[in-house]
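Student: This is the content of start_22.cif (mmCIF, C-alpha atoms and all ligand atoms):
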```cif
data_start
loop_
_atom_site.label_atom_id
_atom_site.label_comp_id
_atom_site.auth_asym_id
_atom_site.auth_seq_id
_atom_site.Cartn_x
_atom_site.Cartn_y
_atom_site.Cartn_z
CA MET A 1 76.36 66.48 93.48
CA ILE A 2 77.43 70.03 92.72
CA GLU A 3 75.52 72.78 94.50
CA HIS A 4 75.82 76.24 93.16
CA SER A 5 75.65 79.62 94.77
CA SER A 6 72.70 81.94 94.17
CA GLY A 7 70.53 82.01 91.05
CA SER A 8 72.27 85.12 89.68
CA ALA A 9 75.25 82.83 88.95
CA ALA A 10 73.87 82.34 85.41
CA SER A 11 75.39 85.52 84.03
CA ARG A 12 78.49 85.89 86.16
CA PRO A 13 81.85 86.54 84.51
CA VAL A 14 84.44 83.79 84.89
CA THR A 15 88.13 84.15 85.73
CA VAL A 16 90.37 81.30 84.55
CA VAL A 17 93.79 80.97 86.20
CA GLY A 18 96.33 79.24 83.91
CA GLY A 19 96.56 79.59 80.13
CA SER A 20 97.78 76.20 79.03
CA VAL A 21 95.63 73.70 77.16
CA THR A 22 92.86 73.00 79.70
CA GLY A 23 92.46 76.63 80.82
CA LEU A 24 92.22 77.83 77.22
CA TYR A 25 89.71 75.11 76.34
CA ALA A 26 87.49 75.80 79.36
CA GLY A 27 87.69 79.58 78.73
CA MET A 28 86.82 79.14 75.05
CA LEU A 29 83.77 76.97 75.80
CA LEU A 30 82.47 79.43 78.38
CA ALA A 31 83.00 82.43 76.09
CA ARG A 32 81.16 80.57 73.31
CA GLY A 33 78.38 79.94 75.84
CA GLY A 34 78.01 83.69 76.35
CA ARG A 35 80.08 84.28 79.48
CA ALA A 36 82.60 87.09 79.88
CA VAL A 37 85.89 85.27 80.48
CA THR A 38 89.21 86.67 81.67
CA LEU A 39 92.18 84.31 81.64
CA LEU A 40 95.19 85.07 83.83
CA GLU A 41 98.46 83.45 82.76
CA GLY A 42 101.59 83.66 84.88
CA ALA A 43 104.04 83.58 81.97
CA SER A 44 104.70 86.96 80.37
CA HIS A 45 104.53 85.59 76.82
CA TRP A 46 103.28 82.40 75.16
CA ALA A 47 106.21 80.07 74.75
CA PRO A 48 105.31 76.60 76.01
CA GLU A 49 108.24 74.26 75.68
CA PRO A 50 107.93 71.75 72.84
CA ARG A 51 106.63 68.43 74.19
CA THR A 52 105.73 65.25 72.32
CA LEU A 53 102.39 63.88 73.46
CA ILE A 54 100.46 60.82 72.40
CA VAL A 55 96.68 61.01 72.56
CA THR A 56 93.83 58.82 71.46
CA ARG A 57 91.42 59.81 68.70
CA ARG A 58 89.08 60.97 71.49
CA MET A 59 90.93 64.30 71.30
CA ARG A 60 89.20 64.84 67.93
CA ASP A 61 85.77 64.14 69.51
CA LEU A 62 86.43 67.05 71.87
CA LEU A 63 88.35 69.54 69.71
CA GLY A 64 86.94 68.63 66.30
CA LYS A 65 89.44 68.99 63.49
CA SER A 66 90.92 72.13 65.00
CA GLY A 67 93.63 70.16 66.82
CA ASP A 68 94.77 68.50 63.59
CA ARG A 69 97.55 70.93 62.76
CA SER A 70 99.36 69.87 65.95
CA VAL A 71 99.47 66.25 64.77
CA VAL A 72 103.05 65.36 63.82
CA ASN A 73 102.64 61.60 63.42
CA ILE A 74 100.09 58.83 63.66
CA ILE A 75 100.42 55.49 65.42
CA ASN A 76 98.85 52.37 63.90
CA ARG A 77 100.06 49.76 66.35
CA PHE A 78 101.48 49.16 69.79
CA GLU A 79 104.20 46.62 70.45
CA LEU A 80 104.21 45.33 74.02
CA MET A 81 107.43 43.75 75.25
CA THR A 82 108.64 42.00 78.35
CA ASN A 83 111.68 39.79 78.82
CA GLY A 84 111.90 38.71 75.16
CA ARG A 85 108.15 38.27 74.66
CA VAL A 86 106.30 40.52 72.20
CA ALA A 87 102.59 41.15 71.57
CA THR A 88 101.38 43.47 68.81
CA VAL A 89 98.13 45.42 69.09
CA PRO A 90 97.01 46.81 65.70
CA LEU A 91 94.77 49.88 66.14
CA SER A 92 91.58 50.09 64.09
CA GLU A 93 91.91 53.91 64.14
CA PRO A 94 95.28 55.52 64.78
CA ASP A 95 96.48 57.30 67.90
CA LEU A 96 97.76 60.83 67.33
CA VAL A 97 101.21 62.15 68.22
CA VAL A 98 100.86 65.88 68.83
CA GLU A 99 103.25 68.74 69.46
CA ARG A 100 101.97 70.54 72.52
CA SER A 101 103.23 74.02 71.54
CA VAL A 102 101.25 73.89 68.25
CA LEU A 103 98.15 72.55 70.03
CA HIS A 104 98.48 75.43 72.48
CA GLU A 105 98.88 78.01 69.69
CA GLY A 106 95.65 76.79 68.04
CA LEU A 107 93.75 76.99 71.33
CA VAL A 108 95.01 80.55 71.96
CA GLU A 109 93.61 81.58 68.55
CA GLN A 110 90.26 79.92 69.25
CA ALA A 111 89.98 81.39 72.73
CA LEU A 112 90.69 84.90 71.39
CA ALA A 113 88.18 84.42 68.57
CA ALA A 114 85.54 83.34 71.11
CA GLY A 115 86.13 86.58 73.05
CA VAL A 116 88.31 85.41 75.96
CA LYS A 117 90.31 88.31 77.42
CA LEU A 118 93.87 87.09 77.95
CA ARG A 119 96.07 88.76 80.55
CA MET A 120 99.68 87.63 80.38
CA GLY A 121 102.26 88.00 83.15
CA CYS A 122 99.53 87.70 85.84
CA ARG A 123 100.76 85.17 88.40
CA VAL A 124 98.12 84.44 91.01
CA ARG A 125 99.70 84.23 94.46
CA THR A 126 96.64 83.39 96.50
CA LEU A 127 92.87 83.82 96.79
CA ARG A 128 91.04 85.38 99.73
CA GLY A 129 87.34 84.92 100.33
CA THR A 130 85.27 88.10 100.59
CA HIS A 131 81.55 88.44 101.44
CA ASP A 132 80.52 88.82 97.78
CA GLY A 133 83.22 86.83 95.97
CA VAL A 134 86.93 86.28 96.13
CA ALA A 135 89.98 88.55 95.88
CA LEU A 136 92.84 87.22 93.75
CA GLU A 137 96.23 88.51 94.79
CA VAL A 138 98.17 88.74 91.57
CA GLY A 139 101.80 89.58 90.82
CA ARG A 140 101.73 91.53 87.56
CA SER A 141 105.23 92.03 86.16
CA GLY A 142 106.47 91.87 89.76
CA LYS A 143 103.93 94.42 91.06
CA PRO A 144 101.11 93.27 93.38
CA GLU A 145 97.54 93.77 92.18
CA GLU A 146 94.17 92.63 93.51
CA LEU A 147 91.37 91.39 91.25
CA ASN A 148 87.85 90.43 92.27
CA ALA A 149 85.90 87.47 90.94
CA THR A 150 82.79 85.43 91.68
CA THR A 151 83.56 82.34 89.58
CA VAL A 152 87.13 81.09 89.27
CA ILE A 153 88.54 78.09 87.40
CA GLY A 154 91.95 76.84 88.53
CA ALA A 155 93.76 75.50 85.45
CA ASP A 156 97.16 76.25 86.92
CA GLY A 157 98.68 72.79 86.80
CA THR A 158 99.99 70.24 89.27
CA PHE A 159 101.05 72.71 91.97
CA SER A 160 97.88 74.78 91.72
CA ARG A 161 97.72 77.92 93.87
CA VAL A 162 93.97 78.06 93.33
CA ALA A 163 93.51 74.51 94.70
CA HIS A 164 95.70 75.29 97.70
CA ALA A 165 93.90 78.55 98.53
CA ALA A 166 90.47 76.91 98.25
CA GLY A 167 91.51 74.06 100.56
CA TRP A 168 91.82 71.09 98.19
CA PRO A 169 94.50 68.62 99.36
CA ALA A 170 97.83 68.73 97.48
CA PRO A 171 97.95 65.86 94.95
CA GLN A 172 100.49 63.05 95.10
CA THR A 173 102.87 63.31 92.15
CA VAL A 174 105.13 60.98 90.15
CA PRO A 175 108.22 61.90 88.12
CA LEU A 176 108.09 61.55 84.34
CA VAL A 177 111.36 61.66 82.41
CA GLN A 178 111.74 61.26 78.66
CA ALA A 179 114.53 61.66 76.14
CA ILE A 180 114.30 62.48 72.46
CA VAL A 181 116.22 59.80 70.56
CA ARG A 182 116.85 58.65 66.98
CA LEU A 183 114.51 55.77 66.17
CA PRO A 184 116.13 52.34 66.16
CA GLN A 185 116.29 50.70 62.71
CA ASP A 186 113.77 48.00 63.63
CA LEU A 187 110.99 50.39 64.75
CA PRO A 188 108.54 51.57 62.05
CA PRO A 189 107.56 55.22 62.64
CA ASP A 190 103.87 54.29 63.03
CA THR A 191 104.54 51.92 65.96
CA THR A 192 104.76 52.77 69.64
CA ARG A 193 106.84 50.33 71.65
CA VAL A 194 106.17 49.65 75.32
CA TRP A 195 108.45 47.64 77.66
CA PHE A 196 107.27 46.27 80.99
CA GLN A 197 110.22 46.07 83.37
CA PRO A 198 108.81 45.95 86.90
CA ASP A 199 112.29 45.88 88.50
CA ASP A 200 112.81 49.46 87.21
CA THR A 201 109.30 50.87 87.32
CA PRO A 202 105.80 49.70 88.25
CA TYR A 203 104.68 51.58 85.12
CA PHE A 204 106.56 50.98 81.82
CA TYR A 205 109.04 52.42 79.33
CA TRP A 206 107.69 53.80 76.04
CA LEU A 207 109.14 54.89 72.72
CA ILE A 208 106.77 57.11 70.74
CA PRO A 209 107.91 58.04 67.21
CA GLU A 210 107.30 61.74 66.53
CA SER A 211 108.74 61.66 62.98
CA PRO A 212 110.25 59.04 60.63
CA THR A 213 113.58 59.51 62.40
CA GLN A 214 112.97 60.63 66.01
CA GLY A 215 110.94 59.60 69.01
CA ALA A 216 110.37 60.21 72.72
CA LEU A 217 111.58 57.45 75.01
CA GLY A 218 110.55 57.73 78.62
CA LEU A 219 109.26 56.28 81.82
CA ILE A 220 107.27 57.17 84.88
CA GLY A 221 109.01 56.39 88.12
CA GLU A 222 108.66 56.69 91.83
CA GLU A 223 111.72 58.76 92.82
CA GLY A 224 112.96 61.59 90.56
CA SER A 225 116.72 60.85 90.62
CA ASP A 226 116.28 57.06 90.29
CA THR A 227 113.94 57.59 87.35
CA ARG A 228 116.52 59.60 85.41
CA GLN A 229 119.16 56.98 86.24
CA TYR A 230 116.92 54.12 85.03
CA LEU A 231 116.28 56.01 81.81
CA GLU A 232 120.01 56.57 81.21
CA GLN A 233 120.76 52.89 81.85
CA PHE A 234 117.93 51.85 79.51
CA LEU A 235 119.25 54.16 76.76
CA GLU A 236 122.71 52.66 77.15
CA ARG A 237 121.44 49.05 77.05
CA HIS A 238 119.51 49.81 73.85
CA HIS A 239 122.38 51.84 72.31
CA LEU A 240 120.23 54.97 72.02
CA GLU A 241 121.69 58.43 72.32
CA PRO A 242 119.62 61.13 74.05
CA LEU A 243 119.31 64.32 72.00
CA GLU A 244 117.46 66.19 74.78
CA PHE A 245 115.65 65.40 78.04
CA GLN A 246 112.14 66.45 79.18
CA ALA A 247 111.01 66.00 82.78
CA ALA A 248 108.20 67.02 85.09
CA ARG A 249 106.15 65.82 88.01
CA ILE A 250 102.69 64.61 87.06
CA PRO A 251 99.73 64.46 89.46
CA ARG A 252 98.74 60.94 90.47
CA TYR A 253 95.00 60.39 90.53
CA THR A 254 94.25 58.76 93.89
CA LYS A 255 90.60 59.76 94.32
CA TRP A 256 87.98 61.93 92.69
CA LEU A 257 87.99 65.50 94.00
CA GLN A 258 84.68 67.34 93.91
CA PRO A 259 85.54 69.98 91.29
CA LEU A 260 83.61 72.80 93.03
CA ARG A 261 84.33 74.50 96.36
CA ARG A 262 83.07 77.72 97.85
CA LEU A 263 85.53 80.34 99.02
CA GLY A 264 83.96 83.49 100.50
CA GLY A 265 81.14 84.34 98.10
CA ALA A 266 82.72 82.67 95.05
CA ASP A 267 82.49 79.33 93.24
CA ILE A 268 85.93 77.81 92.64
CA TYR A 269 86.46 74.97 90.13
CA LEU A 270 89.51 72.95 89.11
CA VAL A 271 90.39 71.46 85.71
CA GLY A 272 93.27 69.55 84.12
CA ASP A 273 96.40 68.70 86.12
CA ALA A 274 95.19 71.04 88.91
CA ALA A 275 92.30 68.58 89.43
CA ALA A 276 94.56 65.51 88.84
CA HIS A 277 92.42 64.60 85.82
CA VAL A 278 95.14 62.29 84.57
CA LYS A 279 94.83 58.59 83.70
CA VAL A 280 96.98 56.95 86.35
CA THR A 281 97.75 53.95 84.11
CA THR A 282 99.62 55.98 81.49
CA VAL A 283 99.68 59.50 83.06
CA GLY A 284 98.03 60.81 79.90
CA GLY A 285 96.29 64.04 80.87
CA ILE A 286 95.32 65.74 77.61
CA VAL A 287 92.05 64.00 76.71
CA THR A 288 90.94 63.63 80.34
CA GLY A 289 91.92 67.27 80.99
CA PHE A 290 89.74 68.40 78.06
CA ARG A 291 86.88 66.20 79.29
CA GLY A 292 87.09 67.76 82.75
CA ALA A 293 87.21 71.26 81.24
CA LEU A 294 84.13 70.46 79.14
CA GLY A 295 82.36 69.09 82.23
CA VAL A 296 83.15 72.17 84.31
CA ALA A 297 82.15 74.55 81.49
CA GLU A 298 78.82 72.69 81.08
CA THR A 299 78.28 72.75 84.84
CA ILE A 300 78.79 76.51 84.96
CA LEU A 301 76.65 77.19 81.88
CA GLN A 302 73.80 74.86 82.83
CA GLY A 303 73.85 75.61 86.56
CA ARG A 304 73.88 71.89 87.43
CA SER A 305 76.42 69.10 87.53
CA SER A 306 77.37 67.86 84.03
CA GLY A 307 77.16 64.18 83.09
CA VAL A 308 80.58 64.60 81.47
CA LEU A 309 82.10 64.88 84.95
CA ARG A 310 80.35 61.69 86.12
CA GLY A 311 81.68 59.86 83.04
CA LEU A 312 85.19 61.19 83.69
CA ARG A 313 85.10 60.09 87.31
CA TRP A 314 84.05 56.58 86.30
CA GLU A 315 86.87 56.45 83.74
CA LEU A 316 89.57 57.74 86.12
CA ASP A 317 88.43 55.30 88.83
CA TRP A 318 88.78 52.36 86.41
CA HIS A 319 92.30 53.45 85.54
CA ARG A 320 93.10 53.58 89.24
CA PHE A 321 91.85 50.00 89.60
CA VAL A 322 94.02 48.81 86.67
CA ARG A 323 97.02 50.72 88.03
CA ARG A 324 96.63 49.12 91.47
CA THR A 325 96.48 45.69 89.88
CA LEU A 326 99.50 46.25 87.62
CA GLY A 327 101.38 47.83 90.53
CA HIS A 328 101.60 44.33 92.08
CA PHE A 329 102.68 42.56 88.89
CA SER A 330 106.00 40.71 88.97
CA GLN A 331 108.14 40.00 85.91
CA SER A 332 106.55 36.57 85.55
CA ASP A 333 103.02 38.08 85.80
CA TYR A 334 103.84 40.33 82.83
CA GLU A 335 105.12 37.30 80.91
CA VAL A 336 101.85 35.45 81.60
CA LEU A 337 99.91 38.59 80.63
CA LEU A 338 101.54 38.77 77.20
CA ASP A 339 101.11 35.01 76.72
CA VAL A 340 97.35 35.15 77.34
CA LEU A 341 96.62 38.04 74.95
CA ASN A 342 94.56 36.01 72.49
CA PRO A 343 93.30 37.40 69.13
CA GLU A 344 89.95 38.38 70.66
CA VAL A 345 91.65 40.41 73.43
CA LEU A 346 94.00 42.06 70.93
CA ASP A 347 91.00 42.95 68.79
CA ILE A 348 89.20 44.60 71.74
CA LEU A 349 92.36 46.50 72.70
CA GLY A 350 92.83 47.66 69.11
CA THR A 351 89.22 48.70 68.55
CA HIS A 352 88.73 50.71 71.75
CA THR A 353 90.97 53.38 73.19
CA ARG A 354 92.51 53.70 76.64
CA ASP A 355 90.07 56.60 77.16
CA GLU A 356 87.29 53.98 77.32
CA ALA A 357 88.79 51.64 79.94
CA GLY A 358 85.55 51.55 81.91
CA ARG A 359 83.71 50.14 78.89
CA ILE A 360 86.17 47.45 77.85
CA LEU A 361 87.43 45.79 81.02
CA VAL A 362 84.46 43.47 81.38
CA ARG A 363 84.66 42.53 77.68
CA LEU A 364 88.37 41.79 78.05
CA CYS A 365 87.72 39.47 81.00
CA LEU A 366 84.99 37.65 79.06
CA ALA A 367 87.33 37.25 76.09
CA GLN A 368 90.13 35.90 78.29
CA PRO A 369 89.01 34.72 81.77
CA ARG A 370 92.65 34.11 82.73
CA LEU A 371 92.99 37.89 83.03
CA ILE A 372 90.71 37.72 86.08
CA SER A 373 92.82 35.10 87.85
CA LEU A 374 95.99 37.04 86.99
CA ALA A 375 94.51 40.25 88.44
CA LEU A 376 93.17 38.51 91.54
CA ARG A 377 96.45 36.72 92.18
CA SER A 378 98.41 39.97 92.04
CA LEU A 379 95.89 41.84 94.22
CA ILE A 380 95.84 39.13 96.85
C1 LIG B 1 107.13 65.31 79.63
C2 LIG B 1 105.62 65.11 79.63
C3 LIG B 1 105.05 64.25 78.72
C4 LIG B 1 103.66 64.05 78.72
N1 LIG B 1 103.14 63.21 77.81
C5 LIG B 1 101.79 63.09 77.71
C6 LIG B 1 101.22 62.31 76.67
O1 LIG B 1 101.92 61.69 75.87
N2 LIG B 1 99.85 62.25 76.57
C7 LIG B 1 99.04 62.93 77.43
O2 LIG B 1 97.81 62.84 77.29
N3 LIG B 1 99.56 63.67 78.45
C8 LIG B 1 100.91 63.77 78.60
N4 LIG B 1 101.45 64.54 79.58
C9 LIG B 1 100.53 65.22 80.53
C10 LIG B 1 99.96 66.51 79.89
O3 LIG B 1 100.97 67.26 79.28
C11 LIG B 1 99.26 67.33 80.99
O4 LIG B 1 98.27 66.52 81.61
C12 LIG B 1 98.59 68.59 80.41
O5 LIG B 1 99.52 69.37 79.69
C13 LIG B 1 98.02 69.42 81.55
O6 LIG B 1 97.57 70.65 81.06
P1 LIG B 1 97.00 71.78 82.05
O7 LIG B 1 96.51 72.87 81.16
O8 LIG B 1 96.04 71.18 83.01
O9 LIG B 1 98.25 72.24 82.95
P2 LIG B 1 99.66 72.83 82.57
O10 LIG B 1 100.06 72.44 81.19
O11 LIG B 1 100.58 72.48 83.69
O12 LIG B 1 99.45 74.41 82.54
C14 LIG B 1 99.32 75.20 83.68
C15 LIG B 1 99.34 76.66 83.22
O13 LIG B 1 99.09 77.50 84.35
C16 LIG B 1 100.07 78.53 84.42
N5 LIG B 1 100.20 78.85 85.85
C17 LIG B 1 100.72 78.05 86.82
N6 LIG B 1 100.63 78.65 88.04
C18 LIG B 1 100.03 79.86 87.79
C19 LIG B 1 99.64 80.93 88.64
N7 LIG B 1 99.88 80.90 89.97
N8 LIG B 1 99.04 82.03 88.09
C20 LIG B 1 98.80 82.08 86.74
N9 LIG B 1 99.15 81.09 85.89
C21 LIG B 1 99.75 79.99 86.40
C22 LIG B 1 101.32 77.92 83.81
O14 LIG B 1 102.22 78.93 83.35
C23 LIG B 1 100.72 77.10 82.67
O15 LIG B 1 100.51 77.88 81.51
C24 LIG B 1 102.84 64.73 79.65
C25 LIG B 1 103.42 65.60 80.58
C26 LIG B 1 104.80 65.78 80.58
C27 LIG B 1 105.39 66.69 81.60
#
```
Would you give me this structure, written as C-alpha cells?
Ligand SMILES: Cc1cc2nc3c(=O)[nH]c(=O)nc-3n(C[C@H](O)[C@H](O)[C@H](O)COP(=O)(O)OP(=O)(O)OC[C@H]3O[C@@H](n4cnc5c(N)ncnc54)[C@H](O)[C@@H]3O)c2cc1C

Tutor:
Amino acid sequence: MIEHSSGSAASRPVTVVGGSVTGLYAGMLLARGGRAVTLLEGASHWAPEPRTLIVTRRMRDLLGKSGDRSVVNIINRFELMTNGRVATVPLSEPDLVVERSVLHEGLVEQALAAGVKLRMGCRVRTLRGTHDGVALEVGRSGKPEELNATTVIGADGTFSRVAHAAGWPAPQTVPLVQAIVRLPQDLPPDTTRVWFQPDDTPYFYWLIPESPTQGALGLIGEEGSDTRQYLEQFLERHHLEPLEFQAARIPRYTKWLQPLRRLGGADIYLVGDAAAHVKVTTVGGIVTGFRGALGVAETILQGRSSGVLRGLRWELDWHRFVRRTLGHFSQSDYEVLLDVLNPEVLDILGTHTRDEAGRILVRLCLAQPRLISLALRSLI
C-alpha cells in the first residue's frame, strides 16, 4: 500500500531523473495529467545507441500507434530448439521488432508536446533530504548545481543514483551480450529462433531478425566474460559472422520493491530498469517498464496506489517463478519440454503474449499436465 505525503501533493511539480524511454513516458503522462514536469538527463545531447528490441503487441496498448514508426520488423512465429528438436509457435498477432533510438525520438517529441521541460547535461550525483523536500546535487556540464524538489521519479537505469540515495537495495544484475549478424539462409525474416543450451546458459540464445538480411543474436549469462566467450563460440559453430556487438548489464528481478520511499520531505518513486521492472524470464524491460511508469504516474495523479502496479507485480512474480523452474532444467528436461508441447499448448502460447504469463500458466498446465510434473521434478 502506497502512503503519500500531505494533501497538497496533488499539485506538486515532478522532477524525473533519466530521459530514456521510461522517464520520458512517465514525464509525458504526468504533464498530460496537468503536472509541471522537469526531466533531468545526464547526457548532453540525445543520441541513444541503436539497439534492436523485441516487444509484444502490449507496447501498442500502452503507447497507441505512436510507437509504430520505430517498428523495423514483425515476428509471426517463434522456433524453439534444443539438441536437434524443434517446436514452432505461430503467433496469432505478431511481435514487434523496434529500434530503440527511433522509439526514444518519438517519446522526446511527445514529452515536449505535453509540456515536459527537458534539461540535458544534468547528471544527478545524489539526493539529500531537507525538511520540506529534497535537494538534488547535479553536475551540469561539469559544474555543481543544487535543485530542490518535492516529488522525484528515478528513471535513471540499472545503476540508479536516485535509488541508492533513497535507500533502495542495489539490484542483482545479469550480463546481456548480442551480436548483429547476417541472417542464415534457412531463417525467414518473420521468425525468431530460440535455442535452449543449459550447459552454456540457464536462459537461452536468441536470433531476432531486424530486417530481411540482418538480426540480433544474443544470450543472457551469469558472468560477463564467459557470456561473451559463449556467444563467440556459438557464432563460430553456426558459421555466423558478427558485424557489431552490443552488451550491458540488466537488472534481475528478485523481489518487488515498493516503488515509493520518503526522503526528507519528498516522495521518491522508481520506474523502469531503476525499479528492476524487467521480466526475468527474457529480460525484456520495455513493456514492463512502460507499465510501471504508467502505474507510478497514475499513483501520483490519483494520490493512491494504482492497480497497474499491482498487476505488474503479479506479472513479474510469475516470471520469477518460471525463471526459477527453468533455472533447474537439464538438457534432457528441455528435450521433454519440447516433446510435450501439444497443439493446445502451442495455441495458448501463440494466442497470448509473454506479458500475460500470470494469466496463461494455469491454462498451459490444464492443456498439458505433464508440464506440472516437469516443473515439480526440476524444482525438487
Ligand atoms: C542489448 C540490450 C538488448 C535488450 N533487448 C530488449 C528486448 O529485446 N526487449 C525488451 O523489452 N527489453 C530489452 N532490453 C531491456 C530494455 O532496453 C530496458 O529495460 C529499457 O531500455 C530500460 O529503459 P529505462 O528508461 O528504464 O532505462 P535506461 O534505458 O537505462 O535509461 C536511463 C537513462 O537515465 C540517464 N541517467 C543515468 N544516470 C543518470 C543520472 N545520474 N542523472 C541523470 N540521468 C541519468 C541515462 O543517460 C539514460 O538516458 C535490452 C537491453 C539491452 C542492454

Student: Interatomic distance between atom CA of A:Leu243 and atom CA of A:Pro94?

Tutor: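 Interatomic distance, atom CA of A:Leu243 to atom CA of A:Pro94: 26.6 Å.
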
Student: Need the shell around A:Arg58: protein/DNA/RNA residues with any atom at most 12 Å away, counting only C-alpha atoms. Skip same-chain ones fewer than 4 positions apart. Format as a PyMOL selection string?

Tutor: chain A and resi 54+62-65+67+93-96+286-291+352-356

Student: Set the distance at 12 Å and use only C-alpha atoms: which residues neighbour stretch 105-112 of chain A once local chain neighbours fewer than 4 positions away are removed? I'd like the list as a ChimeraX atom specification.

Tutor: /A:16,19-32,36-39,41,45-50,63-71,99-101,116-120,290

Student: Just write the chosen residues, C-alpha atoms, as a CSV table (one decimal), keeping the file's coordinate frame.

Tutor:
```
chain,number,residue,atom,x,y,z
A,16,VAL,CA,90.4,81.3,84.6
A,19,GLY,CA,96.6,79.6,80.1
A,20,SER,CA,97.8,76.2,79.0
A,21,VAL,CA,95.6,73.7,77.2
A,22,THR,CA,92.9,73.0,79.7
A,23,GLY,CA,92.5,76.6,80.8
A,24,LEU,CA,92.2,77.8,77.2
A,25,TYR,CA,89.7,75.1,76.3
A,26,ALA,CA,87.5,75.8,79.4
A,27,GLY,CA,87.7,79.6,78.7
A,28,MET,CA,86.8,79.1,75.0
A,29,LEU,CA,83.8,77.0,75.8
A,30,LEU,CA,82.5,79.4,78.4
A,31,ALA,CA,83.0,82.4,76.1
A,32,ARG,CA,81.2,80.6,73.3
A,36,ALA,CA,82.6,87.1,79.9
A,37,VAL,CA,85.9,85.3,80.5
A,38,THR,CA,89.2,86.7,81.7
A,39,LEU,CA,92.2,84.3,81.6
A,41,GLU,CA,98.5,83.4,82.8
A,45,HIS,CA,104.5,85.6,76.8
A,46,TRP,CA,103.3,82.4,75.2
A,47,ALA,CA,106.2,80.1,74.8
A,48,PRO,CA,105.3,76.6,76.0
A,49,GLU,CA,108.2,74.3,75.7
A,50,PRO,CA,107.9,71.8,72.8
A,63,LEU,CA,88.4,69.5,69.7
A,64,GLY,CA,86.9,68.6,66.3
A,65,LYS,CA,89.4,69.0,63.5
A,66,SER,CA,90.9,72.1,65.0
A,67,GLY,CA,93.6,70.2,66.8
A,68,ASP,CA,94.8,68.5,63.6
A,69,ARG,CA,97.6,70.9,62.8
A,70,SER,CA,99.4,69.9,66.0
A,71,VAL,CA,99.5,66.2,64.8
A,99,GLU,CA,103.2,68.7,69.5
A,100,ARG,CA,102.0,70.5,72.5
A,101,SER,CA,103.2,74.0,71.5
A,116,VAL,CA,88.3,85.4,76.0
A,117,LYS,CA,90.3,88.3,77.4
A,118,LEU,CA,93.9,87.1,78.0
A,119,ARG,CA,96.1,88.8,80.6
A,120,MET,CA,99.7,87.6,80.4
A,290,PHE,CA,89.7,68.4,78.1
```

Student: Can you check which parts of chain A lie within 7 Å of ligand LIG 1 (chain B)? Per residue, the shortest pair of atoms and distance in Å to one decimal, counting only C-alpha atoms and all ligand atoms, sorted by chain and number, as CSV.

Tutor:
```
residue,atom,partner,partner_atom,distance
A:Val17,CA,B:LIG1,C20,5.2
A:Gly18,CA,B:LIG1,O13,3.3
A:Gly19,CA,B:LIG1,O15,4.5
A:Ser20,CA,B:LIG1,O15,4.1
A:Val21,CA,B:LIG1,O7,4.2
A:Thr22,CA,B:LIG1,O7,3.9
A:Gly23,CA,B:LIG1,O7,5.5
A:Leu40,CA,B:LIG1,C20,5.5
A:Glu41,CA,B:LIG1,N9,4.0
A:Gly42,CA,B:LIG1,N9,3.7
A:Ala43,CA,B:LIG1,O14,5.2
A:Arg51,CA,B:LIG1,C1,6.3
A:Thr52,CA,B:LIG1,O1,6.3
A:Leu53,CA,B:LIG1,O1,3.3
A:Ile54,CA,B:LIG1,O1,3.9
A:Val55,CA,B:LIG1,O2,5.2
A:Cys122,CA,B:LIG1,C20,5.7
A:Arg123,CA,B:LIG1,N8,3.6
A:Val124,CA,B:LIG1,N8,3.9
A:Arg125,CA,B:LIG1,N7,5.6
A:Ala155,CA,B:LIG1,O8,5.5
A:Asp156,CA,B:LIG1,O13,3.4
A:Gly157,CA,B:LIG1,O11,3.7
A:Thr158,CA,B:LIG1,O11,6.0
A:Ser160,CA,B:LIG1,N6,6.0
A:Arg161,CA,B:LIG1,N7,5.4
A:Leu176,CA,B:LIG1,C1,6.1
A:Val177,CA,B:LIG1,C1,6.2
A:Gln178,CA,B:LIG1,C1,6.2
A:Gln246,CA,B:LIG1,C1,5.2
A:Ala247,CA,B:LIG1,C1,5.0
A:Ala248,CA,B:LIG1,C27,4.5
A:Arg249,CA,B:LIG1,C27,6.5
A:Ile250,CA,B:LIG1,C27,6.4
A:Val271,CA,B:LIG1,O8,6.3
A:Gly272,CA,B:LIG1,O8,3.4
A:Asp273,CA,B:LIG1,O8,4.0
A:Ala274,CA,B:LIG1,O8,6.0
A:Val278,CA,B:LIG1,O4,6.0
A:Val283,CA,B:LIG1,N3,6.2
A:Gly284,CA,B:LIG1,O2,3.3
A:Gly285,CA,B:LIG1,O4,3.3
A:Ile286,CA,B:LIG1,O2,3.8
A:Val287,CA,B:LIG1,O2,5.9
A:Gly289,CA,B:LIG1,O8,6.0
```

Student: Just the number, please: distance in Å from atom CA of A:Glu315 to atom CA of A:Gly358, one decimal.

Tutor: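 Straight-line distance from atom CA of A:Glu315 to atom CA of A:Gly358 works out to 5.4 Å.
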
Student: Measuring atom to atom with only C-alpha atoms, identify which of A:Pro189, A:Gly264, A:Pro175, A:Gly292 is nearest to A:Leu231.

Tutor: A:Pro175

Student: Which polymer residues have any atom within 8 Å of an atom of A:Gly327, counting only C-alpha atoms, with same-chain residues fewer than 2 positions away left out, as an NGL selection string?

Tutor: :A and (202-203 or 323-325 or 329)

Student: Pull the neighbourhood of (80.7, 74.0, 77.2) for me: all residues within 7 Å in file coordinates, counting all atoms listed in the file, as a list in words.

Tutor: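 Residues with an atom close enough to that point: Leu29, Leu30, Gly33, Leu294, Ala297, Glu298 and Leu301 of chain A.
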
Student: Print the selection's residues with C-alpha atoms to a file, as a PDB file, in the coordinates of the input.

Tutor:
```pdb
ATOM      1  CA  LEU A  29      83.770  76.970  75.800  1.00  0.00           C
ATOM      2  CA  LEU A  30      82.470  79.430  78.380  1.00  0.00           C
ATOM      3  CA  GLY A  33      78.380  79.940  75.840  1.00  0.00           C
ATOM      4  CA  LEU A 294      84.130  70.460  79.140  1.00  0.00           C
ATOM      5  CA  ALA A 297      82.150  74.550  81.490  1.00  0.00           C
ATOM      6  CA  GLU A 298      78.820  72.690  81.080  1.00  0.00           C
ATOM      7  CA  LEU A 301      76.650  77.190  81.880  1.00  0.00           C
TER       8      LEU A 301
END
```

Student: What gap, in Å, lies between atom CA of A:Ala166 and atom CA of A:Ile268?

Tutor: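 Answer for the atom CA of A:Ala166 to atom CA of A:Ile268 separation: 7.3 Å.
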
Student: Just the residues within 10 Å of A:Ala165, please, counting all atoms listed in the file, with nothing from its chain fewer than 6 positions along; format it as JSON, numbers by chain.

Tutor: {"A": [125, 126, 127, 128, 129, 136, 263, 268]}
